[in-house]
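**Q** See query02.csv below, with CSV, C-alpha atoms.
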chain,number,residue,atom,x,y,z
M,1,MET,CA,-45.3,-181.7,-111.6
M,2,ILE,CA,-45.3,-178.3,-113.1
M,3,ARG,CA,-42.1,-177.5,-111.2
M,4,THR,CA,-40.3,-180.7,-112.1
M,5,SER,CA,-41.0,-180.9,-115.8
M,6,ASP,CA,-38.3,-180.0,-118.3
M,7,VAL,CA,-40.0,-177.5,-120.7
M,8,PRO,CA,-38.6,-175.2,-123.4
M,9,SER,CA,-38.8,-171.5,-122.7
M,10,CYS,CA,-41.2,-171.0,-125.6
M,11,LEU,CA,-44.0,-172.9,-123.7
M,12,ARG,CA,-46.3,-170.5,-121.9
M,13,SER,CA,-45.7,-171.1,-118.2
M,14,VAL,CA,-48.5,-171.6,-115.7
M,15,PRO,CA,-48.4,-171.0,-111.9
M,16,HIS,CA,-46.5,-173.6,-110.1
M,17,ASN,CA,-49.1,-173.5,-107.3
M,18,PHE,CA,-52.0,-174.1,-109.7
M,19,GLY,CA,-55.1,-175.2,-107.7
M,20,SER,CA,-54.2,-173.2,-104.6
M,21,LEU,CA,-55.9,-169.9,-103.7
M,22,GLY,CA,-52.8,-167.9,-104.3
M,23,ALA,CA,-52.4,-169.0,-107.9
M,24,GLY,CA,-55.1,-166.8,-109.2
M,25,SER,CA,-57.1,-167.4,-112.4
M,26,LEU,CA,-55.5,-168.6,-115.6
M,27,LYS,CA,-55.6,-166.7,-118.9
M,28,ALA,CA,-56.7,-168.5,-122.0
M,29,ASP,CA,-53.2,-169.2,-123.2
M,30,GLU,CA,-52.3,-170.6,-119.8
M,31,TRP,CA,-55.3,-172.9,-119.9
M,32,ARG,CA,-54.1,-174.1,-123.3
M,33,THR,CA,-50.8,-175.1,-121.8
M,34,MET,CA,-52.6,-176.7,-118.9
M,35,ILE,CA,-55.0,-178.8,-121.0
M,36,THR,CA,-52.4,-179.8,-123.7
M,37,VAL,CA,-49.4,-180.5,-121.4
M,38,TYR,CA,-49.8,-180.8,-117.6
M,39,LEU,CA,-53.3,-182.1,-117.0
M,40,PRO,CA,-53.1,-185.0,-119.4
M,41,LEU,CA,-49.7,-186.1,-118.1
M,42,ALA,CA,-51.0,-185.9,-114.6
M,43,LEU,CA,-54.3,-187.7,-115.2
M,44,VAL,CA,-52.8,-190.5,-117.2
M,45,SER,CA,-50.2,-191.1,-114.5
M,46,LEU,CA,-52.9,-191.2,-111.9
M,47,TRP,CA,-55.8,-193.0,-113.6
M,48,GLY,CA,-54.2,-194.7,-116.7
M,49,ASP,CA,-52.9,-198.2,-117.3
M,50,GLY,CA,-50.9,-199.6,-114.4
M,51,THR,CA,-52.5,-197.5,-111.7
M,52,VAL,CA,-54.1,-199.1,-108.7
M,53,HIS,CA,-57.3,-198.0,-107.0
M,54,LYS,CA,-59.4,-199.1,-104.0
M,55,SER,CA,-62.0,-201.0,-106.0
M,56,SER,CA,-62.6,-202.1,-109.6
M,57,VAL,CA,-65.7,-199.9,-109.7
M,58,ILE,CA,-63.6,-196.8,-108.9
M,59,ALA,CA,-61.0,-197.9,-111.4
M,60,VAL,CA,-63.6,-198.1,-114.1
M,61,GLN,CA,-65.1,-194.7,-113.2
M,62,LEU,CA,-61.7,-193.0,-113.2
M,63,ARG,CA,-60.8,-194.6,-116.5
M,64,GLU,CA,-64.0,-193.4,-118.0
M,65,ALA,CA,-63.3,-189.9,-116.7
M,66,LEU,CA,-59.8,-190.1,-118.1
M,67,ASP,CA,-60.8,-191.2,-121.5
M,68,HIS,CA,-63.5,-188.6,-121.6
M,69,THR,CA,-61.0,-185.8,-120.7
M,70,MET,CA,-58.4,-187.2,-123.2
M,71,ALA,CA,-61.0,-186.9,-125.9
M,72,LEU,CA,-61.1,-183.1,-125.2
M,73,VAL,CA,-57.3,-183.0,-124.9
M,74,SER,CA,-56.9,-184.7,-128.3
M,75,ALA,CA,-59.4,-182.3,-129.9
M,76,VAL,CA,-57.5,-179.3,-128.6
M,77,HIS,CA,-54.2,-180.8,-129.8
M,78,ILE,CA,-55.5,-181.3,-133.3
M,79,ALA,CA,-57.0,-177.8,-133.3
M,80,CYS,CA,-53.7,-176.2,-132.2
M,81,ALA,CA,-51.5,-178.1,-134.7
M,82,ARG,CA,-49.7,-175.9,-137.2
M,83,SER,CA,-51.1,-177.8,-140.2
M,84,MET,CA,-54.5,-179.3,-141.0
M,85,THR,CA,-55.8,-182.1,-143.1
M,86,ARG,CA,-59.3,-183.4,-143.7
M,87,GLU,CA,-58.5,-186.5,-141.6
M,88,ARG,CA,-57.5,-184.3,-138.6
M,89,ALA,CA,-60.5,-182.1,-139.0
M,90,PHE,CA,-62.8,-185.1,-138.9
M,91,ALA,CA,-60.9,-186.6,-136.0
M,92,TYR,CA,-61.4,-183.3,-134.2
M,93,ARG,CA,-65.2,-183.5,-134.8
M,94,SER,CA,-65.2,-187.1,-133.5
M,95,TYR,CA,-63.4,-186.2,-130.3
M,96,ILE,CA,-65.7,-183.2,-129.6
M,97,ALA,CA,-68.8,-185.3,-130.4
M,98,ALA,CA,-67.6,-188.1,-128.1
M,99,TRP,CA,-66.8,-185.6,-125.3
M,100,LEU,CA,-70.2,-183.8,-125.5
M,101,SER,CA,-72.2,-187.0,-125.9
M,102,THR,CA,-70.8,-188.5,-122.7
M,103,LEU,CA,-70.5,-185.4,-120.7
M,104,LYS,CA,-73.7,-185.9,-118.7
M,105,SER,CA,-73.1,-189.6,-118.0
M,106,ILE,CA,-69.5,-189.0,-116.9
M,107,HIS,CA,-70.2,-185.8,-114.9
M,108,PRO,CA,-74.0,-185.9,-114.1
M,109,SER,CA,-73.8,-182.5,-112.4
M,110,ALA,CA,-72.3,-180.8,-115.5
M,111,THR,CA,-74.5,-178.6,-117.7
M,112,TYR,CA,-74.2,-178.0,-121.3
M,113,ARG,CA,-72.8,-174.6,-122.2
M,114,THR,CA,-72.8,-172.6,-125.3
M,115,ASN,CA,-69.0,-173.2,-125.7
M,116,GLY,CA,-69.7,-176.9,-126.3
M,117,HIS,CA,-72.0,-176.1,-129.2
M,118,MET,CA,-69.5,-173.6,-130.6
M,119,ALA,CA,-66.7,-176.1,-130.5
M,120,THR,CA,-68.6,-178.4,-132.9
M,121,HIS,CA,-68.6,-175.6,-135.5
M,122,ILE,CA,-64.8,-175.4,-135.4
M,123,HIS,CA,-64.6,-178.5,-137.5
M,124,GLN,CA,-66.1,-176.6,-140.4
M,125,PHE,CA,-63.7,-173.7,-139.8
M,126,LEU,CA,-60.8,-176.1,-139.8
M,127,LEU,CA,-61.9,-177.4,-143.2
M,128,SER,CA,-62.5,-173.9,-144.6
M,129,PHE,CA,-59.7,-171.8,-143.0
M,130,GLY,CA,-57.0,-174.3,-141.9
M,131,PRO,CA,-55.3,-174.4,-138.5
M,132,VAL,CA,-56.8,-172.4,-135.7
M,133,ARG,CA,-53.5,-170.5,-135.3
M,134,SER,CA,-54.3,-168.8,-138.6
M,135,TRP,CA,-57.4,-167.2,-137.4
M,136,TRP,CA,-57.6,-167.4,-133.6
M,137,CYS,CA,-58.1,-164.2,-131.6
M,138,PHE,CA,-55.0,-164.0,-129.4
M,139,PRO,CA,-53.5,-161.2,-131.5
M,140,PHE,CA,-56.7,-159.2,-131.2
M,141,GLU,CA,-56.9,-160.0,-127.5
M,142,ARG,CA,-53.4,-158.5,-127.1
M,143,LEU,CA,-54.4,-155.4,-129.1
M,144,ILE,CA,-57.6,-155.0,-127.0
M,145,GLY,CA,-55.5,-155.3,-123.8
M,146,GLN,CA,-53.2,-152.5,-125.0
M,147,LEU,CA,-56.1,-150.3,-126.0
M,148,GLN,CA,-57.8,-150.9,-122.7
M,149,ARG,CA,-54.8,-149.7,-120.8
M,150,LEU,CA,-54.4,-146.5,-122.8
M,151,PRO,CA,-56.9,-144.3,-120.9
M,152,THR,CA,-55.4,-145.2,-117.5
M,153,ASN,CA,-51.7,-144.8,-116.8
M,154,ASN,CA,-50.1,-147.2,-119.3
M,155,LYS,CA,-48.3,-144.5,-121.2
M,156,PHE,CA,-48.7,-145.8,-124.7
M,157,GLY,CA,-47.1,-142.8,-126.4
M,158,MET,CA,-47.7,-139.1,-125.6
M,159,TRP,CA,-49.3,-136.0,-127.1
M,160,GLN,CA,-47.0,-133.2,-128.0
M,161,LEU,CA,-48.8,-130.0,-129.1
M,162,ALA,CA,-46.9,-127.0,-130.3
M,163,TRP,CA,-47.9,-123.6,-131.6
M,164,GLU,CA,-45.9,-121.1,-133.4
V,1,MET,CA,-44.4,-146.5,-127.9
V,2,SER,CA,-42.6,-143.2,-128.5
V,3,THR,CA,-41.3,-143.4,-124.9
V,4,LEU,CA,-39.8,-146.8,-125.6
V,5,ALA,CA,-38.3,-145.6,-128.8
V,6,GLN,CA,-36.7,-142.6,-126.9
V,7,LEU,CA,-35.3,-145.0,-124.3
V,8,LYS,CA,-33.8,-147.3,-127.0
V,9,ALA,CA,-32.3,-144.3,-128.7
V,10,TRP,CA,-30.8,-143.1,-125.5
V,11,LEU,CA,-29.4,-146.5,-124.7
V,12,ALA,CA,-27.8,-146.6,-128.2
V,13,CYS,CA,-26.1,-143.2,-128.1
V,14,ASP,CA,-22.7,-142.4,-126.7
V,15,GLU,CA,-24.0,-140.2,-123.9
V,16,CYS,CA,-25.5,-143.3,-122.2
V,17,PRO,CA,-23.3,-144.2,-119.2
V,18,PRO,CA,-21.4,-147.5,-119.6
V,19,ALA,CA,-22.9,-148.8,-116.4
V,20,ILE,CA,-26.4,-148.5,-117.9
V,21,LYS,CA,-25.3,-150.1,-121.1
V,22,GLU,CA,-23.9,-153.0,-119.0
V,23,CYS,CA,-27.3,-153.3,-117.2
V,24,ARG,CA,-29.0,-153.3,-120.6
V,25,ILE,CA,-27.0,-156.3,-121.8
V,26,LEU,CA,-27.7,-158.2,-118.5
V,27,PHE,CA,-31.4,-157.3,-118.8
V,28,CYS,CA,-31.6,-158.5,-122.4
V,29,LYS,CA,-30.0,-161.8,-121.5
V,30,ALA,CA,-32.3,-162.3,-118.6
V,31,PHE,CA,-35.7,-161.2,-120.0
V,32,ALA,CA,-35.6,-160.5,-123.7
V,33,SER,CA,-37.9,-162.5,-125.9
V,34,PRO,CA,-36.6,-165.3,-128.2
V,35,ASP,CA,-37.6,-163.4,-131.3
V,36,ASP,CA,-35.0,-160.7,-131.0
V,37,SER,CA,-32.2,-161.0,-128.5
V,38,GLU,CA,-31.7,-164.7,-128.6
V,39,HIS,CA,-31.5,-164.6,-132.4
V,40,ARG,CA,-29.1,-161.6,-132.2
V,41,ASP,CA,-27.1,-163.2,-129.5
V,42,SER,CA,-26.5,-166.3,-131.5
V,43,SER,CA,-25.2,-164.3,-134.5
V,44,GLU,CA,-23.0,-162.3,-132.2
V,45,GLU,CA,-21.7,-165.5,-130.6
V,46,LEU,CA,-20.9,-166.7,-134.1
V,47,ARG,CA,-18.8,-163.7,-134.8
V,48,HIS,CA,-17.1,-163.4,-131.4
V,49,THR,CA,-16.7,-167.0,-130.1
V,50,GLN,CA,-13.2,-168.2,-130.6
V,51,PRO,CA,-12.4,-171.8,-131.6
V,52,CYS,CA,-11.4,-174.1,-128.8
V,53,SER,CA,-10.1,-177.6,-128.5
V,54,THR,CA,-12.7,-180.2,-129.4
V,55,PRO,CA,-14.0,-182.1,-126.4
V,56,ALA,CA,-13.1,-185.8,-126.4
V,57,ASP,CA,-16.6,-187.1,-126.8
V,58,LEU,CA,-17.3,-184.6,-129.6
V,59,ARG,CA,-14.1,-185.6,-131.4
V,60,LEU,CA,-15.6,-189.0,-131.9
V,61,LEU,CA,-18.3,-187.3,-134.0
V,62,ILE,CA,-16.3,-184.8,-135.9
V,63,SER,CA,-12.7,-184.9,-137.1
V,64,GLN,CA,-11.7,-181.3,-136.4
V,65,CYS,CA,-9.3,-180.6,-133.6
V,66,SER,CA,-10.9,-177.3,-132.8
V,67,VAL,CA,-14.5,-176.0,-133.0
V,68,THR,CA,-16.4,-173.0,-131.7
V,69,LEU,CA,-18.8,-174.0,-129.0
V,70,HIS,CA,-22.0,-172.1,-128.2
V,71,ALA,CA,-24.3,-172.0,-125.3
V,72,ARG,CA,-27.4,-171.2,-127.4
V,73,HIS,CA,-28.5,-170.9,-131.0
V,74,GLY,CA,-31.5,-169.0,-132.3
V,75,MET,CA,-33.2,-169.8,-135.5
V,76,ASN,CA,-36.5,-168.5,-136.9
V,77,GLY,CA,-37.4,-167.3,-133.4
V,78,VAL,CA,-36.8,-170.6,-131.8
V,79,VAL,CA,-34.1,-170.9,-129.1
V,80,TYR,CA,-31.9,-174.0,-128.8
V,81,ALA,CA,-29.5,-174.5,-125.9
V,82,ARG,CA,-27.0,-177.1,-124.8
V,83,ASN,CA,-28.3,-179.1,-121.8
V,84,SER,CA,-25.8,-177.5,-119.4
V,85,THR,CA,-27.3,-174.1,-120.2
V,86,HIS,CA,-31.0,-174.8,-120.3
V,87,VAL,CA,-32.3,-178.3,-120.2
V,88,GLY,CA,-35.8,-177.5,-121.6
V,89,ASN,CA,-34.4,-175.7,-124.6
V,90,SER,CA,-32.0,-178.6,-125.3
V,91,LEU,CA,-34.8,-181.1,-125.8
V,92,ILE,CA,-35.5,-181.6,-129.5
V,93,VAL,CA,-37.4,-184.0,-131.7
V,94,TYR,CA,-35.6,-184.4,-135.0
V,95,HIS,CA,-35.4,-186.6,-138.1
V,96,ALA,CA,-32.1,-188.5,-137.8
V,97,GLY,CA,-29.9,-187.8,-140.8
V,98,GLY,CA,-32.4,-185.3,-142.1
V,99,ASP,CA,-34.5,-188.2,-143.5
V,100,ASP,CA,-38.2,-187.2,-143.4
V,101,SER,CA,-39.3,-190.8,-144.1
V,102,LEU,CA,-37.9,-192.0,-140.7
V,103,PRO,CA,-39.9,-191.4,-137.5
V,104,ALA,CA,-38.7,-188.4,-135.6
V,105,VAL,CA,-36.8,-189.2,-132.4
V,106,PRO,CA,-36.2,-187.2,-129.2
V,107,GLY,CA,-32.8,-186.2,-127.9
V,108,SER,CA,-31.0,-183.7,-125.8
V,109,ILE,CA,-28.4,-181.2,-127.2
V,110,LYS,CA,-25.1,-181.7,-125.5
V,111,TYR,CA,-23.0,-179.4,-127.7
V,112,ILE,CA,-23.8,-176.6,-130.1
V,113,PHE,CA,-20.8,-176.3,-132.3
V,114,GLY,CA,-19.8,-174.3,-135.4
V,115,ILE,CA,-17.4,-175.4,-138.1
V,116,ASP,CA,-16.7,-172.8,-140.9
V,117,GLY,CA,-19.6,-170.7,-139.6
V,118,LYS,CA,-22.1,-173.6,-139.9
V,119,ILE,CA,-23.9,-174.5,-136.7
V,120,SER,CA,-24.7,-178.1,-135.8
V,121,PHE,CA,-25.9,-179.9,-132.7
V,122,ALA,CA,-24.3,-182.9,-131.0
V,123,VAL,CA,-27.3,-184.7,-129.6
V,124,GLN,CA,-27.7,-187.6,-127.1
V,125,ARG,CA,-30.7,-189.6,-128.2
V,126,GLN,CA,-33.4,-190.5,-125.6
V,127,ASN,CA,-33.1,-194.3,-125.1
V,128,VAL,CA,-36.2,-196.3,-125.9
V,129,THR,CA,-37.8,-198.7,-123.4
V,130,PRO,CA,-38.0,-202.5,-123.7
V,131,ASP,CA,-40.7,-203.8,-125.9
V,132,ASP,CA,-42.8,-205.1,-123.0
V,133,THR,CA,-42.9,-201.7,-121.2
V,134,LEU,CA,-46.4,-200.6,-120.4
V,135,ASP,CA,-47.1,-197.2,-122.1
V,136,PRO,CA,-50.4,-195.8,-120.9
V,137,PHE,CA,-50.3,-193.1,-123.5
V,138,ARG,CA,-50.7,-195.6,-126.4
V,139,HIS,CA,-54.5,-195.4,-126.1
V,140,TYR,CA,-54.5,-191.7,-127.2
V,141,PRO,CA,-53.0,-191.5,-130.7
V,142,HIS,CA,-53.7,-187.7,-131.1
V,143,PHE,CA,-51.9,-186.9,-127.8
V,144,PRO,CA,-48.2,-187.1,-128.9
V,145,ALA,CA,-46.7,-188.5,-125.6
V,146,ARG,CA,-44.7,-191.7,-125.3
V,147,VAL,CA,-42.8,-193.3,-122.5
V,148,TYR,CA,-39.0,-193.5,-122.9
V,149,SER,CA,-36.1,-194.5,-120.7
V,150,ASP,CA,-34.8,-191.7,-118.5
V,151,SER,CA,-31.3,-192.3,-119.8
V,152,THR,CA,-29.8,-190.9,-123.0
V,153,SER,CA,-27.3,-192.5,-125.3
V,154,ILE,CA,-23.6,-192.0,-124.6
V,155,THR,CA,-22.9,-191.7,-128.3
V,156,LEU,CA,-23.4,-188.3,-129.8
V,157,GLU,CA,-25.3,-187.7,-133.0
V,158,ARG,CA,-24.9,-184.8,-135.3
V,159,VAL,CA,-28.1,-182.9,-136.0
V,160,GLU,CA,-28.5,-179.9,-138.3
V,161,PRO,CA,-31.0,-177.2,-137.1
V,162,GLY,CA,-33.1,-177.8,-140.2
V,163,TRP,CA,-33.7,-181.4,-139.2
V,164,VAL,CA,-35.4,-180.3,-136.0
V,165,LEU,CA,-39.1,-180.9,-135.9
V,166,SER,CA,-39.9,-179.4,-132.5
V,167,HIS,CA,-39.1,-179.1,-128.8
V,168,TYR,CA,-40.5,-181.6,-126.4
V,169,VAL,CA,-41.5,-181.7,-122.7
V,170,ARG,CA,-39.9,-184.3,-120.5
V,171,TRP,CA,-41.3,-185.4,-117.2
V,172,ASN,CA,-40.1,-188.2,-114.8
V,173,PHE,CA,-43.0,-190.6,-115.0
V,174,THR,CA,-41.9,-193.5,-112.9
V,175,PRO,CA,-38.4,-194.5,-111.7
V,176,GLY,CA,-36.3,-195.2,-114.8
V,177,TYR,CA,-38.9,-193.8,-117.2
V,178,VAL,CA,-39.8,-190.4,-118.6
V,179,VAL,CA,-42.7,-189.1,-120.6
V,180,VAL,CA,-41.8,-187.4,-123.8
V,181,LEU,CA,-44.5,-185.0,-125.1
V,182,THR,CA,-43.8,-183.6,-128.5
V,183,LEU,CA,-44.8,-179.9,-128.8
V,184,PHE,CA,-46.0,-178.2,-131.8
V,185,ARG,CA,-43.5,-178.2,-134.7
V,186,VAL,CA,-41.0,-175.5,-135.4
V,187,SER,CA,-39.9,-176.6,-138.8
V,188,PRO,CA,-41.8,-176.8,-142.1
V,189,HIS,CA,-42.0,-180.6,-142.0
V,190,PRO,CA,-45.6,-181.4,-142.5
V,191,SER,CA,-45.8,-184.2,-139.9
V,192,GLN,CA,-47.5,-182.2,-137.2
If you convert what's in this file into structure tokens, what do you get?
**A**
Amino acid sequence: MIRTSDVPSCLRSVPHNFGSLGAGSLKADEWRTMITVYLPLALVSLWGDGTVHKSSVIAVQLREALDHTMALVSAVHIACARSMTRERAFAYRSYIAAWLSTLKSIHPSATYRTNGHMATHIHQFLLSFGPVRSWWCFPFERLIGQLQRLPTNNKFGMWQLAWE
Amino acid sequence: MSTLAQLKAWLACDECPPAIKECRILFCKAFASPDDSEHRDSSEELRHTQPCSTPADLRLLISQCSVTLHARHGMNGVVYARNSTHVGNSLIVYHAGGDDSLPAVPGSIKYIFGIDGKISFAVQRQNVTPDDTLDPFRHYPHFPARVYSDSTSITLERVEPGWVLSHYVRWNFTPGYVVVLTLFRVSPHPSQ
């Protein structure tokens, strides 16, 4: 699916062999592309309306898992939009609350993590500071990456000392 | 950073061998980011592309006998391309006629043409599906994906770059149908 989709070049690409051992781990921005584009398209096509499953029980379980995942997808879409309204901020909170509240029933083996709690606070940040793009940490992450490579061999400039 | 600046200075000076300069042009076309080279390329194309005879299907849209045709156009760091150059960069969601009150529609750029230095797109709109088509994405209003026909209209539609809302992702969903997923907006329209 990743290989066959028509996507603009501005969209951060993800490994075509995602899921296999050779694909490696995804970076945060690649995960964003995955959760906002490829995973929802794939899951809806596999588990959404019009799909056929072995039994009605399995169909219901998969549909619940799909709706649960799509709540998170919708929240991320709202957070990553380039403009923000109060309605969107409250919709974000509703999606995150729905996702967290049904996490243990949909995925019994899952455990609550700190990130889930932190995600609920983003609602207040959306109201106070606007779209996440205005204050997310990707620019700082890039700067940190550049600084981290300085002491090794990433020649980020050079020293030139001269005495007269 | 200073090394990069020195390399750029060397590439720009007369002492740089022509073969290296040729490699630089090819390298920029292949790997440069949309923020710089694509934008510069489009302005260079505007200056250097010669008018040619208007294709027959485009002549139905515009009255001119000759236009300048471009493979790509860069604006505000966003790259647009005709579908024969890059299918993904040709997929745009736009307000038909520039009317913000109408819902944005998806389409594919077939031609990028210039008349008197003004760039416009000739777009084939993505055909809609019959009313009784099952759209599994309708349950998720904040996920901007919808099912469309996999065909595009034969008729071309003129679209100005300022009418474009965003690019979109297209994926063959089932035979005869595609999913259109609108990406985050590129224009200042407040609808996304």
**Q** Provide as a ChimeraX atom specification the residues of chain V at most 6 Å from chain M, counting only C-alpha atoms.
**A** /V:1-2,88-89,136,142-143,169-171
**Q** List the spatial neighbours of region 110-121 of chain V as a PyMOL selection string - criterion: any atom at most 10 Å away, all atoms listed in the file, same-chain residues fewer than 5 positions off excluded.
**A** chain V and resi 43+46-47+49+51+54-55+58+62+64+66-73+80-85+87+90-91+156-162
**Q** Write out as a compact mmCIF listing (two decimals) with C-alpha atoms, keeping the file's coordinate frame the residues lying within 10 Å of Thr102 (chain M), counting only C-alpha atoms and excluding same-chain residues fewer than 5 positions away.
**A**
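Below you can see selection02.txt, which holds the result:
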# COMPACT_ATOMS: atom_id res chain seq x y z
CA GLU M 64 -64.00 -193.40 -118.00
CA ALA M 65 -63.30 -189.90 -116.70
CA HIS M 68 -63.50 -188.60 -121.60
CA ALA M 97 -68.80 -185.30 -130.40
CA HIS M 107 -70.20 -185.80 -114.90
CA PRO M 108 -74.00 -185.90 -114.10
**Q** Could you state the separation of CA of Gly97 (chain V) and CA of Val164 (chain V) in Å, given to one decimal place?
**A** 10.5 Å
**Q** Point out the residue among V:Pro141, V:Val179, V:Val123, V:Asn172 with the least atom-to-atom distance to Asp57 (chain V), counting only C-alpha atoms.
**A**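 Among the listed residues, the smallest separation from Asp57 (chain V) belongs to V:Val123.
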**Q** Hey, can you check how far CA of Asp99 (chain V) sits from CA of Asn127 (chain V)?
**A** 19.4 Å
**Q** Name the residues in contact with Phe90 (chain M) at a cut-off of 12 Å, using all atoms listed in the file, excluding same-chain residues fewer than 6 positions from it; report them as a PyMOL selection string.
**A** chain M and resi 75+78-79+84+96-97+120-127
**Q** Do a neighbour search on Ser149 (chain V) at 12 Å with only C-alpha atoms, toss out local chain neighbours closer than 3 positions, and write the hits as a list in words.
**A** Pro106, Gly107, Arg125, Gln126, Asn127, Val128, Thr129, Pro130, Asp131, Thr133, Leu134, Asp135, Arg146, Thr152, Ser153, Arg170, Trp171, Asn172, Phe173, Thr174, Pro175, Gly176, Tyr177, Val178, Val179 and Val180 of chain V
